[in-house]
Every structure is written in structure tokens, then in C-alpha cells.
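Visitor: Let me begin by handing over the structure; questions about it come next.
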Protein chains: 2
Amino acid sequence: MAETIFSKILAGEIPADKVWDDPHCIAIRDISPQAPVHLLVIPRKPIETIDDAAPQDTALLGHLTWVAAEVARREGLGSNGYRLVWNCRDDGGQEVPHIHLHVLGGRRMKWPPG
Amino acid sequence: MAETIFSKILAGEIPADKVWDDPHCIAIRDISPQAPVHLLVIPRKPIETIDDAAPQDTALLGHLTWVAAEVARREGLGSNGYRLVWNCRDDGGQEVPHIHLHVLGGRRMKWPPG
């Protein structure tokens, strides 16, 4: 697995504004926020794309989704709401080949979602 | 739990173009598609918003995510990619109070995601 900005953040080689840290994942603030709150939930396991997630990764995927909702609550987004986004490969707009779940809130998100 | 269009589809009271059906969820085509392929993965369990998902729902959330990737593969989206979207409450643009995961592909998705 090639190094990515996320593997370097997970290894502590690059600093990040961390809002969650557990044995399975971290959540950090996106350095190019697209909403007043824009977080990324990143698994420690380096899965390249969501298309590469195996059936045995489902527990991890569920945990990442629950953590996304939990960090959204901690940011005060629970009652007004927010959007969670997985980008897969080029058509999805994925920029780092290590899966990450975007949490966007603090403004009304528009439709379509990009 | 109030009836929704999804509870009625799950009960077979309203027809839908179903592309997946298992003991935990179904996937259907969105009737107002925002991309050449636009599917919805809907759990049988009626969770109102992703903010209402409990820690014991993580296995289900992971399964829904894996099914989204699997139906995307079956639609031929695996290699070019796609976007998965959870909308939560008003700021997220959620329209039906029964969680559902959007799968959008067949075109290049833009950024920001709405």
C-alpha cells in the first residue's frame, strides 16, 4: 500500500486537527472545508476505495458511519442535520486512495449532491 | 413509527424498481434520478435519521454501505467510481424520515457535494 497523506497523519508524521481517535479510526477537520463544519472519518486500515471494501469490512464501515454521526453530534449538528459522503474513484471525486467519510454541516446542503 | 413511502415500498404496497433484496435491506432506483445511475439502499428497520442510529445498528450500517458498493458494481460503476450520500435532517436535505443511502454514478460528480 503506497503512503498517502492519511497514512502519514495516522502515523503522526503530518499534523492534523483531530476531533476523534479510537482503535479503528480517527476524525480530522478537512483542510479545504466545503461547509462551516467539514470533517473526515478515516479508518486506520488502509482500504484504497469503498469498492475495495470486502464483506469482512462491514463492521468497520458501520463503525465509521456511527463515528461520523457521533462527531457531528459533538459539533452541534445533530438537530439541524448534515450530509455524509463517500467518494469512490474518479467519477466520485476521490482524491486520496485511502477511504474516508466526509461529514458536512452548518449550512443547508443543496441537491444534487455535486 | 409513521408510515413513509419507504415503509410502503418495503411492505409491497407501492411498486418500485428493485435492484437488491435481502433480509436486511432493499435497493431501488430513485424516481427522481440526479445521475445516470441513482439508487437508494433502504434498511427494513425503520431508523428515522442517521443521527438516530444506535451503536447496536453499526453492523446494519456497514451492511448497507457494502450493499451500496455491490449494487454499484452490478450497475458497472466499480471502475469509474461513484458517490454515496447519507442526508440527515433538514440541513442534509433528508426528505423521507427512514434512512436511505444514495448511490450516484455514471457521470463525474462535482465538488462540493451540494
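As shown in the C-alpha cells, the chain order sets the letters A, B, ...; within each chain, residues go from 1, and ligands are also counted from 1 in the order they appear.
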Within 9 Å of chain A, which residues of chain B are there when counting only C-alpha atoms? Please give them as a count of residues only.

Guide: 51

Visitor: Mind fitting chain A to chain B by least squares on all Cα atoms in order and giving back the moved coordinates as a tab-separated table (two decimals) with N, CA, C and O atoms, in the first residue's frame?

Guide:
chain	number	residue	atom	x	y	z
A	1	MET	N	-43.82	4.41	14.77
A	1	MET	CA	-43.15	4.92	13.58
A	1	MET	C	-44.21	5.20	12.51
A	1	MET	O	-44.98	4.32	12.13
A	2	ALA	N	-44.25	6.43	12.00
A	2	ALA	CA	-45.21	6.78	10.97
A	2	ALA	C	-44.87	6.05	9.67
A	2	ALA	O	-43.73	5.70	9.41
A	3	GLU	N	-45.89	5.82	8.86
A	3	GLU	CA	-45.64	5.23	7.54
A	3	GLU	C	-44.93	6.24	6.65
A	3	GLU	O	-45.16	7.45	6.75
A	4	THR	N	-44.04	5.73	5.82
A	4	THR	CA	-43.37	6.57	4.84
A	4	THR	C	-43.49	5.88	3.50
A	4	THR	O	-43.91	4.72	3.41
A	5	ILE	N	-43.06	6.56	2.45
A	5	ILE	CA	-43.06	5.91	1.14
A	5	ILE	C	-42.19	4.67	1.17
A	5	ILE	O	-42.50	3.66	0.53
A	6	PHE	N	-41.12	4.68	1.99
A	6	PHE	CA	-40.24	3.51	2.02
A	6	PHE	C	-40.86	2.36	2.80
A	6	PHE	O	-40.71	1.20	2.41
A	7	SER	N	-41.56	2.67	3.88
A	7	SER	CA	-42.22	1.57	4.61
A	7	SER	C	-43.28	0.93	3.71
A	7	SER	O	-43.49	-0.29	3.75
A	8	LYS	N	-43.93	1.75	2.89
A	8	LYS	CA	-44.94	1.19	1.98
A	8	LYS	C	-44.31	0.37	0.86
A	8	LYS	O	-44.85	-0.65	0.45
A	9	ILE	N	-43.16	0.82	0.36
A	9	ILE	CA	-42.44	0.02	-0.64
A	9	ILE	C	-41.98	-1.29	-0.02
A	9	ILE	O	-42.14	-2.37	-0.61
A	10	LEU	N	-41.44	-1.23	1.20
A	10	LEU	CA	-40.97	-2.44	1.89
A	10	LEU	C	-42.13	-3.42	2.14
A	10	LEU	O	-41.94	-4.63	2.09
A	11	ALA	N	-43.31	-2.87	2.37
A	11	ALA	CA	-44.48	-3.72	2.62
A	11	ALA	C	-45.12	-4.20	1.32
A	11	ALA	O	-46.10	-4.96	1.36
A	12	GLY	N	-44.61	-3.74	0.18
A	12	GLY	CA	-45.17	-4.15	-1.10
A	12	GLY	C	-46.43	-3.41	-1.47
A	12	GLY	O	-47.14	-3.79	-2.41
A	13	GLU	N	-46.73	-2.32	-0.76
A	13	GLU	CA	-47.97	-1.56	-1.03
A	13	GLU	C	-47.79	-0.55	-2.16
A	13	GLU	O	-48.76	-0.07	-2.73
A	14	ILE	N	-46.52	-0.19	-2.43
A	14	ILE	CA	-46.21	0.73	-3.53
A	14	ILE	C	-45.13	0.04	-4.36
A	14	ILE	O	-44.18	-0.51	-3.80
A	15	PRO	N	-45.27	0.04	-5.70
A	15	PRO	CA	-44.25	-0.62	-6.52
A	15	PRO	C	-42.97	0.21	-6.58
A	15	PRO	O	-42.99	1.42	-6.37
A	16	ALA	N	-41.85	-0.47	-6.83
A	16	ALA	CA	-40.57	0.21	-7.00
A	16	ALA	C	-39.71	-0.66	-7.90
A	16	ALA	O	-39.93	-1.87	-8.00
A	17	ASP	N	-38.74	-0.03	-8.54
A	17	ASP	CA	-37.82	-0.77	-9.41
A	17	ASP	C	-36.67	-1.27	-8.52
A	17	ASP	O	-35.70	-0.57	-8.27
A	18	LYS	N	-36.83	-2.50	-8.05
A	18	LYS	CA	-35.93	-3.07	-7.06
A	18	LYS	C	-34.71	-3.71	-7.74
A	18	LYS	O	-34.88	-4.50	-8.66
A	19	VAL	N	-33.51	-3.39	-7.26
A	19	VAL	CA	-32.29	-4.00	-7.82
A	19	VAL	C	-31.57	-4.87	-6.78
A	19	VAL	O	-30.57	-5.52	-7.11
A	20	TRP	N	-32.06	-4.88	-5.53
A	20	TRP	CA	-31.45	-5.70	-4.47
A	20	TRP	C	-32.52	-5.98	-3.43
A	20	TRP	O	-33.36	-5.10	-3.17
A	21	ASP	N	-32.48	-7.16	-2.85
A	21	ASP	CA	-33.47	-7.54	-1.85
A	21	ASP	C	-32.82	-8.60	-0.97
A	21	ASP	O	-32.48	-9.68	-1.46
A	22	ASP	N	-32.60	-8.31	0.30
A	22	ASP	CA	-32.07	-9.32	1.22
A	22	ASP	C	-32.79	-9.16	2.56
A	22	ASP	O	-33.66	-8.30	2.70
A	23	PRO	N	-32.48	-10.00	3.55
A	23	PRO	CA	-33.24	-9.92	4.80
A	23	PRO	C	-33.09	-8.58	5.55
A	23	PRO	O	-33.91	-8.28	6.42
A	24	HIS	N	-32.07	-7.80	5.22
A	24	HIS	CA	-31.82	-6.57	5.96
A	24	HIS	C	-32.20	-5.29	5.20
A	24	HIS	O	-32.41	-4.25	5.81
A	25	CYS	N	-32.22	-5.36	3.87
A	25	CYS	CA	-32.44	-4.13	3.11
A	25	CYS	C	-32.88	-4.42	1.68
A	25	CYS	O	-32.81	-5.56	1.22
A	26	ILE	N	-33.34	-3.37	1.03
A	26	ILE	CA	-33.57	-3.43	-0.42
A	26	ILE	C	-32.80	-2.28	-1.05
A	26	ILE	O	-32.38	-1.33	-0.36
A	27	ALA	N	-32.60	-2.33	-2.38
A	27	ALA	CA	-32.11	-1.17	-3.13
A	27	ALA	C	-33.05	-0.98	-4.30
A	27	ALA	O	-33.49	-1.95	-4.93
A	28	ILE	N	-33.40	0.28	-4.55
A	28	ILE	CA	-34.34	0.61	-5.62
A	28	ILE	C	-33.76	1.77	-6.44
A	28	ILE	O	-32.84	2.46	-5.99
A	29	ARG	N	-34.32	1.98	-7.62
A	29	ARG	CA	-33.94	3.16	-8.40
A	29	ARG	C	-34.70	4.37	-7.88
A	29	ARG	O	-35.92	4.29	-7.65
A	30	ASP	N	-33.98	5.50	-7.74
A	30	ASP	CA	-34.61	6.76	-7.31
A	30	ASP	C	-35.56	7.22	-8.41
A	30	ASP	O	-35.19	7.19	-9.59
A	31	ILE	N	-36.77	7.63	-8.04
A	31	ILE	CA	-37.73	8.06	-9.08
A	31	ILE	C	-37.42	9.46	-9.59
A	31	ILE	O	-38.00	9.90	-10.58
A	32	SER	N	-36.48	10.15	-8.96
A	32	SER	CA	-36.06	11.47	-9.44
A	32	SER	C	-34.53	11.48	-9.56
A	32	SER	O	-33.84	12.17	-8.80
A	33	PRO	N	-33.99	10.70	-10.53
A	33	PRO	CA	-32.55	10.47	-10.58
A	33	PRO	C	-31.75	11.75	-10.84
A	33	PRO	O	-32.12	12.57	-11.67
A	34	GLN	N	-30.64	11.86	-10.12
A	34	GLN	CA	-29.74	13.02	-10.23
A	34	GLN	C	-28.45	12.66	-10.96
A	34	GLN	O	-27.52	13.47	-11.01
A	35	ALA	N	-28.41	11.48	-11.51
A	35	ALA	CA	-27.24	10.99	-12.26
A	35	ALA	C	-27.75	9.82	-13.11
A	35	ALA	O	-28.84	9.30	-12.85
A	36	PRO	N	-26.98	9.40	-14.15
A	36	PRO	CA	-27.44	8.30	-15.00
A	36	PRO	C	-27.80	7.05	-14.20
A	36	PRO	O	-28.74	6.34	-14.55
A	37	VAL	N	-27.06	6.78	-13.13
A	37	VAL	CA	-27.46	5.73	-12.18
A	37	VAL	C	-27.69	6.39	-10.84
A	37	VAL	O	-26.82	7.13	-10.33
A	38	HIS	N	-28.86	6.19	-10.26
A	38	HIS	CA	-29.18	6.77	-8.94
A	38	HIS	C	-30.05	5.76	-8.20
A	38	HIS	O	-31.22	5.58	-8.51
A	39	LEU	N	-29.42	5.09	-7.23
A	39	LEU	CA	-30.09	4.04	-6.47
A	39	LEU	C	-30.21	4.47	-5.01
A	39	LEU	O	-29.47	5.35	-4.54
A	40	LEU	N	-31.12	3.84	-4.29
A	40	LEU	CA	-31.29	4.07	-2.85
A	40	LEU	C	-31.22	2.73	-2.14
A	40	LEU	O	-31.93	1.80	-2.52
A	41	VAL	N	-30.37	2.63	-1.14
A	41	VAL	CA	-30.30	1.42	-0.31
A	41	VAL	C	-31.06	1.73	0.98
A	41	VAL	O	-30.74	2.71	1.68
A	42	ILE	N	-32.06	0.92	1.27
A	42	ILE	CA	-33.03	1.21	2.34
A	42	ILE	C	-33.11	0.03	3.31
A	42	ILE	O	-33.45	-1.08	2.90
A	43	PRO	N	-32.80	0.24	4.59
A	43	PRO	CA	-32.92	-0.86	5.54
A	43	PRO	C	-34.39	-1.20	5.81
A	43	PRO	O	-35.26	-0.33	5.77
A	44	ARG	N	-34.65	-2.47	6.13
A	44	ARG	CA	-36.01	-2.84	6.54
A	44	ARG	C	-36.34	-2.21	7.89
A	44	ARG	O	-37.48	-1.84	8.15
A	45	LYS	N	-35.33	-2.08	8.76
A	45	LYS	CA	-35.54	-1.46	10.07
A	45	LYS	C	-35.76	0.04	9.87
A	45	LYS	O	-34.92	0.72	9.26
A	46	PRO	N	-36.86	0.58	10.39
A	46	PRO	CA	-37.18	1.99	10.14
A	46	PRO	C	-36.48	2.94	11.10
A	46	PRO	O	-37.08	3.44	12.05
A	47	ILE	N	-35.21	3.23	10.85
A	47	ILE	CA	-34.47	4.23	11.63
A	47	ILE	C	-34.77	5.59	11.00
A	47	ILE	O	-34.65	5.75	9.79
A	48	GLU	N	-35.17	6.56	11.84
A	48	GLU	CA	-35.69	7.81	11.28
A	48	GLU	C	-34.60	8.65	10.60
A	48	GLU	O	-34.81	9.16	9.50
A	49	THR	N	-33.48	8.84	11.29
A	49	THR	CA	-32.36	9.59	10.70
A	49	THR	C	-31.07	8.87	11.08
A	49	THR	O	-31.04	8.07	12.02
A	50	ILE	N	-29.99	9.20	10.37
A	50	ILE	CA	-28.71	8.57	10.69
A	50	ILE	C	-28.25	9.03	12.09
A	50	ILE	O	-27.52	8.31	12.77
A	51	ASP	N	-28.75	10.18	12.53
A	51	ASP	CA	-28.47	10.66	13.89
A	51	ASP	C	-29.15	9.78	14.94
A	51	ASP	O	-28.73	9.77	16.10
A	52	ASP	N	-30.18	9.04	14.54
A	52	ASP	CA	-30.89	8.16	15.47
A	52	ASP	C	-30.31	6.75	15.49
A	52	ASP	O	-30.78	5.91	16.27
A	53	ALA	N	-29.34	6.46	14.63
A	53	ALA	CA	-28.73	5.12	14.63
A	53	ALA	C	-27.98	4.92	15.94
A	53	ALA	O	-27.23	5.79	16.39
A	54	ALA	N	-28.20	3.77	16.57
A	54	ALA	CA	-27.57	3.46	17.85
A	54	ALA	C	-26.31	2.65	17.61
A	54	ALA	O	-26.12	2.09	16.54
A	55	PRO	N	-25.44	2.56	18.63
A	55	PRO	CA	-24.24	1.73	18.47
A	55	PRO	C	-24.57	0.31	18.01
A	55	PRO	O	-23.83	-0.28	17.23
A	56	GLN	N	-25.71	-0.23	18.46
A	56	GLN	CA	-26.05	-1.60	18.04
A	56	GLN	C	-26.53	-1.68	16.58
A	56	GLN	O	-26.77	-2.77	16.06
A	57	ASP	N	-26.67	-0.53	15.92
A	57	ASP	CA	-27.02	-0.53	14.49
A	57	ASP	C	-25.79	-0.52	13.59
A	57	ASP	O	-25.94	-0.49	12.36
A	58	THR	N	-24.59	-0.54	14.16
A	58	THR	CA	-23.40	-0.37	13.30
A	58	THR	C	-23.27	-1.51	12.29
A	58	THR	O	-22.86	-1.26	11.14
A	59	ALA	N	-23.60	-2.74	12.67
A	59	ALA	CA	-23.48	-3.84	11.70
A	59	ALA	C	-24.41	-3.59	10.51
A	59	ALA	O	-24.03	-3.81	9.36
A	60	LEU	N	-25.62	-3.12	10.81
A	60	LEU	CA	-26.56	-2.81	9.74
A	60	LEU	C	-26.03	-1.69	8.85
A	60	LEU	O	-26.07	-1.78	7.62
A	61	LEU	N	-25.50	-0.61	9.46
A	61	LEU	CA	-24.96	0.51	8.67
A	61	LEU	C	-23.84	0.03	7.75
A	61	LEU	O	-23.73	0.45	6.60
A	62	GLY	N	-23.01	-0.87	8.27
A	62	GLY	CA	-21.92	-1.40	7.46
A	62	GLY	C	-22.45	-2.24	6.31
A	62	GLY	O	-21.95	-2.16	5.18
A	63	HIS	N	-23.45	-3.04	6.61
A	63	HIS	CA	-24.04	-3.87	5.55
A	63	HIS	C	-24.64	-3.00	4.46
A	63	HIS	O	-24.46	-3.25	3.26
A	64	LEU	N	-25.33	-1.94	4.84
A	64	LEU	CA	-25.94	-1.04	3.85
A	64	LEU	C	-24.87	-0.42	2.96
A	64	LEU	O	-25.05	-0.28	1.74
A	65	THR	N	-23.73	-0.07	3.56
A	65	THR	CA	-22.64	0.54	2.79
A	65	THR	C	-22.06	-0.49	1.82
A	65	THR	O	-21.79	-0.18	0.65
A	66	TRP	N	-21.88	-1.72	2.30
A	66	TRP	CA	-21.35	-2.76	1.43
A	66	TRP	C	-22.34	-3.07	0.29
A	66	TRP	O	-21.92	-3.23	-0.87
A	67	VAL	N	-23.62	-3.11	0.60
A	67	VAL	CA	-24.63	-3.35	-0.45
A	67	VAL	C	-24.59	-2.21	-1.47
A	67	VAL	O	-24.70	-2.45	-2.69
A	68	ALA	N	-24.40	-0.98	-1.01
A	68	ALA	CA	-24.31	0.15	-1.95
A	68	ALA	C	-23.15	-0.07	-2.93
A	68	ALA	O	-23.31	0.13	-4.14
A	69	ALA	N	-21.99	-0.50	-2.41
A	69	ALA	CA	-20.85	-0.76	-3.29
A	69	ALA	C	-21.15	-1.94	-4.22
A	69	ALA	O	-20.75	-1.94	-5.39
A	70	GLU	N	-21.85	-2.93	-3.72
A	70	GLU	CA	-22.16	-4.12	-4.53
A	70	GLU	C	-23.16	-3.79	-5.65
A	70	GLU	O	-22.96	-4.21	-6.80
A	71	VAL	N	-24.20	-3.04	-5.35
A	71	VAL	CA	-25.15	-2.69	-6.43
A	71	VAL	C	-24.48	-1.74	-7.42
A	71	VAL	O	-24.76	-1.80	-8.62
A	72	ALA	N	-23.57	-0.89	-6.94
A	72	ALA	CA	-22.80	-0.03	-7.86
A	72	ALA	C	-22.00	-0.91	-8.83
A	72	ALA	O	-21.97	-0.66	-10.04
A	73	ARG	N	-21.34	-1.96	-8.31
A	73	ARG	CA	-20.59	-2.87	-9.18
A	73	ARG	C	-21.52	-3.51	-10.20
A	73	ARG	O	-21.18	-3.60	-11.39
A	74	ARG	N	-22.68	-3.95	-9.76
A	74	ARG	CA	-23.61	-4.62	-10.68
A	74	ARG	C	-24.13	-3.68	-11.76
A	74	ARG	O	-24.56	-4.12	-12.83
A	75	GLU	N	-24.11	-2.37	-11.46
A	75	GLU	CA	-24.51	-1.37	-12.46
A	75	GLU	C	-23.33	-0.94	-13.34
A	75	GLU	O	-23.46	-0.05	-14.16
A	76	GLY	N	-22.16	-1.55	-13.10
A	76	GLY	CA	-20.99	-1.24	-13.92
A	76	GLY	C	-20.23	0.00	-13.50
A	76	GLY	O	-19.45	0.55	-14.28
A	77	LEU	N	-20.46	0.46	-12.25
A	77	LEU	CA	-19.83	1.69	-11.79
A	77	LEU	C	-18.51	1.48	-11.07
A	77	LEU	O	-17.83	2.45	-10.72
A	78	GLY	N	-18.12	0.23	-10.84
A	78	GLY	CA	-16.96	-0.04	-10.00
A	78	GLY	C	-15.68	0.63	-10.47
A	78	GLY	O	-14.98	1.26	-9.67
A	79	SER	N	-15.37	0.52	-11.75
A	79	SER	CA	-14.06	1.02	-12.20
A	79	SER	C	-14.02	2.54	-12.34
A	79	SER	O	-13.01	3.17	-12.02
A	80	ASN	N	-15.09	3.16	-12.82
A	80	ASN	CA	-15.07	4.63	-12.93
A	80	ASN	C	-15.38	5.32	-11.61
A	80	ASN	O	-14.95	6.45	-11.38
A	81	GLY	N	-16.15	4.65	-10.78
A	81	GLY	CA	-16.45	5.21	-9.47
A	81	GLY	C	-17.85	5.78	-9.36
A	81	GLY	O	-18.64	5.77	-10.32
A	82	TYR	N	-18.14	6.33	-8.19
A	82	TYR	CA	-19.49	6.80	-7.85
A	82	TYR	C	-19.41	7.54	-6.54
A	82	TYR	O	-18.34	7.62	-5.91
A	83	ARG	N	-20.55	8.07	-6.11
A	83	ARG	CA	-20.64	8.77	-4.81
A	83	ARG	C	-21.77	8.15	-3.99
A	83	ARG	O	-22.84	7.87	-4.54
A	84	LEU	N	-21.52	7.97	-2.69
A	84	LEU	CA	-22.55	7.51	-1.74
A	84	LEU	C	-22.87	8.66	-0.79
A	84	LEU	O	-21.95	9.31	-0.29
A	85	VAL	N	-24.16	8.89	-0.55
A	85	VAL	CA	-24.58	10.05	0.25
A	85	VAL	C	-25.67	9.68	1.25
A	85	VAL	O	-26.69	9.08	0.88
A	86	TRP	N	-25.42	10.02	2.52
A	86	TRP	CA	-26.44	9.99	3.57
A	86	TRP	C	-26.86	11.42	3.85
A	86	TRP	O	-26.01	12.24	4.23
A	87	ASN	N	-28.14	11.73	3.72
A	87	ASN	CA	-28.65	13.04	4.12
A	87	ASN	C	-29.30	12.91	5.49
A	87	ASN	O	-30.13	12.02	5.70
A	88	CYS	N	-28.93	13.82	6.41
A	88	CYS	CA	-29.52	13.79	7.75
A	88	CYS	C	-30.30	15.07	8.02
A	88	CYS	O	-29.72	16.16	7.97
A	89	ARG	N	-31.59	14.93	8.27
A	89	ARG	CA	-32.48	16.04	8.64
A	89	ARG	C	-32.42	17.20	7.62
A	89	ARG	O	-31.96	17.01	6.49
A	90	ASP	N	-32.88	18.38	8.04
A	90	ASP	CA	-33.10	19.49	7.10
A	90	ASP	C	-31.82	19.98	6.43
A	90	ASP	O	-31.77	20.16	5.21
A	91	ASP	N	-30.76	20.23	7.21
A	91	ASP	CA	-29.55	20.76	6.59
A	91	ASP	C	-28.93	19.75	5.63
A	91	ASP	O	-28.24	20.12	4.67
A	92	GLY	N	-29.17	18.48	5.87
A	92	GLY	CA	-28.65	17.45	4.98
A	92	GLY	C	-29.51	17.23	3.75
A	92	GLY	O	-29.08	16.60	2.79
A	93	GLY	N	-30.75	17.76	3.79
A	93	GLY	CA	-31.65	17.59	2.66
A	93	GLY	C	-32.42	16.27	2.70
A	93	GLY	O	-32.89	15.80	1.67
A	94	GLN	N	-32.58	15.70	3.90
A	94	GLN	CA	-33.31	14.43	4.01
A	94	GLN	C	-34.79	14.66	3.75
A	94	GLN	O	-35.40	15.55	4.35
A	95	GLU	N	-35.39	13.86	2.86
A	95	GLU	CA	-36.79	14.07	2.49
A	95	GLU	C	-37.74	13.01	3.04
A	95	GLU	O	-38.94	13.26	3.13
A	96	VAL	N	-37.22	11.84	3.37
A	96	VAL	CA	-38.06	10.76	3.92
A	96	VAL	C	-37.47	10.34	5.26
A	96	VAL	O	-36.27	10.04	5.34
A	97	PRO	N	-38.29	10.33	6.34
A	97	PRO	CA	-37.76	10.01	7.67
A	97	PRO	C	-37.57	8.51	7.90
A	97	PRO	O	-38.12	7.92	8.86
A	98	HIS	N	-36.81	7.90	7.02
A	98	HIS	CA	-36.44	6.48	7.10
A	98	HIS	C	-35.10	6.45	6.36
A	98	HIS	O	-35.06	6.77	5.15
A	99	ILE	N	-34.02	6.12	7.07
A	99	ILE	CA	-32.69	6.31	6.46
A	99	ILE	C	-32.54	5.56	5.15
A	99	ILE	O	-33.11	4.48	4.95
A	100	HIS	N	-31.77	6.16	4.25
A	100	HIS	CA	-31.51	5.57	2.93
A	100	HIS	C	-30.20	6.13	2.42
A	100	HIS	O	-29.90	7.31	2.60
A	101	LEU	N	-29.43	5.27	1.78
A	101	LEU	CA	-28.11	5.64	1.27
A	101	LEU	C	-28.21	5.81	-0.25
A	101	LEU	O	-28.56	4.88	-0.97
A	102	HIS	N	-27.91	7.03	-0.72
A	102	HIS	CA	-27.93	7.32	-2.16
A	102	HIS	C	-26.66	6.80	-2.82
A	102	HIS	O	-25.55	7.00	-2.30
A	103	VAL	N	-26.80	6.19	-3.98
A	103	VAL	CA	-25.69	5.74	-4.82
A	103	VAL	C	-25.82	6.50	-6.14
A	103	VAL	O	-26.82	6.34	-6.85
A	104	LEU	N	-24.85	7.36	-6.46
A	104	LEU	CA	-24.94	8.16	-7.69
A	104	LEU	C	-23.71	7.92	-8.55
A	104	LEU	O	-22.57	8.03	-8.08
A	105	GLY	N	-23.93	7.62	-9.85
A	105	GLY	CA	-22.79	7.41	-10.74
A	105	GLY	C	-23.20	7.47	-12.19
A	105	GLY	O	-24.36	7.76	-12.52
A	106	GLY	N	-22.23	7.22	-13.06
A	106	GLY	CA	-22.48	7.31	-14.49
A	106	GLY	C	-22.16	8.68	-15.05
A	106	GLY	O	-22.32	8.93	-16.24
A	107	ARG	N	-21.75	9.58	-14.17
A	107	ARG	CA	-21.23	10.90	-14.60
A	107	ARG	C	-20.20	11.33	-13.57
A	107	ARG	O	-20.12	10.76	-12.47
A	108	ARG	N	-19.38	12.33	-13.91
A	108	ARG	CA	-18.42	12.86	-12.97
A	108	ARG	C	-19.15	13.73	-11.95
A	108	ARG	O	-19.77	14.73	-12.32
A	109	MET	N	-19.09	13.36	-10.70
A	109	MET	CA	-19.74	14.14	-9.64
A	109	MET	C	-18.88	15.36	-9.31
A	109	MET	O	-17.66	15.29	-9.33
A	110	LYS	N	-19.53	16.46	-9.01
A	110	LYS	CA	-18.81	17.72	-8.74
A	110	LYS	C	-18.54	17.92	-7.25
A	110	LYS	O	-19.07	17.20	-6.40
A	111	TRP	N	-17.75	18.94	-6.94
A	111	TRP	CA	-17.38	19.28	-5.57
A	111	TRP	C	-17.60	20.75	-5.37
A	111	TRP	O	-17.21	21.52	-6.26
A	112	PRO	N	-18.22	21.25	-4.34
A	112	PRO	CA	-18.69	20.48	-3.17
A	112	PRO	C	-19.88	19.60	-3.49
A	112	PRO	O	-20.55	19.80	-4.51
A	113	PRO	N	-20.16	18.67	-2.59
A	113	PRO	CA	-21.28	17.74	-2.79
A	113	PRO	C	-22.60	18.37	-2.36
A	113	PRO	O	-23.26	17.88	-1.47
A	114	GLY	N	-22.96	19.48	-3.04
A	114	GLY	CA	-24.22	20.16	-2.75
A	114	GLY	C	-24.03	21.35	-1.85
A	114	GLY	O	-22.96	21.58	-1.28

Visitor: I need the residues of region 73-109 of chain B that end up classed as strand (DSSP E or B) by DSSP on the backbone, written out as a PyMOL selection string.

Guide: chain B and resi 82-88+101-105

Visitor: If you keep N, CA, C and O atoms, can you produce a file of those selected residues as a PDB file, in the first residue's frame?

Guide:
ATOM      1  N   TYR B  82     -18.146   6.327  -8.187  1.00  0.00           N
ATOM      2  CA  TYR B  82     -19.500   6.795  -7.848  1.00  0.00           C
ATOM      3  C   TYR B  82     -19.426   7.540  -6.534  1.00  0.00           C
ATOM      4  O   TYR B  82     -18.342   7.628  -5.910  1.00  0.00           O
ATOM      5  N   ARG B  83     -20.550   8.071  -6.102  1.00  0.00           N
ATOM      6  CA  ARG B  83     -20.641   8.772  -4.810  1.00  0.00           C
ATOM      7  C   ARG B  83     -21.767   8.157  -3.990  1.00  0.00           C
ATOM      8  O   ARG B  83     -22.841   7.875  -4.535  1.00  0.00           O
ATOM      9  N   LEU B  84     -21.514   7.965  -2.687  1.00  0.00           N
ATOM     10  CA  LEU B  84     -22.539   7.507  -1.745  1.00  0.00           C
ATOM     11  C   LEU B  84     -22.867   8.658  -0.796  1.00  0.00           C
ATOM     12  O   LEU B  84     -21.949   9.310  -0.290  1.00  0.00           O
ATOM     13  N   VAL B  85     -24.167   8.891  -0.547  1.00  0.00           N
ATOM     14  CA  VAL B  85     -24.589  10.058   0.245  1.00  0.00           C
ATOM     15  C   VAL B  85     -25.674   9.679   1.247  1.00  0.00           C
ATOM     16  O   VAL B  85     -26.696   9.084   0.879  1.00  0.00           O
ATOM     17  N   TRP B  86     -25.422  10.028   2.523  1.00  0.00           N
ATOM     18  CA  TRP B  86     -26.443   9.980   3.570  1.00  0.00           C
ATOM     19  C   TRP B  86     -26.863  11.420   3.854  1.00  0.00           C
ATOM     20  O   TRP B  86     -26.017  12.236   4.228  1.00  0.00           O
ATOM     21  N   ASN B  87     -28.144  11.736   3.724  1.00  0.00           N
ATOM     22  CA  ASN B  87     -28.654  13.043   4.122  1.00  0.00           C
ATOM     23  C   ASN B  87     -29.304  12.917   5.493  1.00  0.00           C
ATOM     24  O   ASN B  87     -30.143  12.034   5.703  1.00  0.00           O
ATOM     25  N   CYS B  88     -28.933  13.815   6.402  1.00  0.00           N
ATOM     26  CA  CYS B  88     -29.520  13.792   7.747  1.00  0.00           C
ATOM     27  C   CYS B  88     -30.298  15.074   8.016  1.00  0.00           C
ATOM     28  O   CYS B  88     -29.717  16.166   7.977  1.00  0.00           O
ATOM     29  N   LEU B 101     -29.437   5.267   1.780  1.00  0.00           N
ATOM     30  CA  LEU B 101     -28.114   5.640   1.269  1.00  0.00           C
ATOM     31  C   LEU B 101     -28.213   5.815  -0.246  1.00  0.00           C
ATOM     32  O   LEU B 101     -28.564   4.879  -0.968  1.00  0.00           O
ATOM     33  N   HIS B 102     -27.910   7.035  -0.721  1.00  0.00           N
ATOM     34  CA  HIS B 102     -27.933   7.322  -2.155  1.00  0.00           C
ATOM     35  C   HIS B 102     -26.658   6.804  -2.819  1.00  0.00           C
ATOM     36  O   HIS B 102     -25.556   7.001  -2.293  1.00  0.00           O
ATOM     37  N   VAL B 103     -26.804   6.203  -3.986  1.00  0.00           N
ATOM     38  CA  VAL B 103     -25.688   5.754  -4.820  1.00  0.00           C
ATOM     39  C   VAL B 103     -25.831   6.502  -6.146  1.00  0.00           C
ATOM     40  O   VAL B 103     -26.829   6.332  -6.844  1.00  0.00           O
ATOM     41  N   LEU B 104     -24.855   7.365  -6.465  1.00  0.00           N
ATOM     42  CA  LEU B 104     -24.946   8.165  -7.701  1.00  0.00           C
ATOM     43  C   LEU B 104     -23.717   7.922  -8.555  1.00  0.00           C
ATOM     44  O   LEU B 104     -22.580   8.034  -8.079  1.00  0.00           O
ATOM     45  N   GLY B 105     -23.934   7.634  -9.843  1.00  0.00           N
ATOM     46  CA  GLY B 105     -22.812   7.413 -10.740  1.00  0.00           C
ATOM     47  C   GLY B 105     -23.223   7.470 -12.197  1.00  0.00           C
ATOM     48  O   GLY B 105     -24.374   7.761 -12.522  1.00  0.00           O
TER      49      GLY B 105
END

Visitor: Please return as JSON, numbers by chain: the residues of region 43-105 of chain B that backbone DSSP assigns to helix (DSSP H, G or I).

Guide: {"B": [50, 51, 52, 55, 56, 57, 58, 59, 60, 61, 62, 63, 64, 65, 66, 67, 68, 69, 70, 71, 72, 73, 74, 89, 90, 91, 92]}
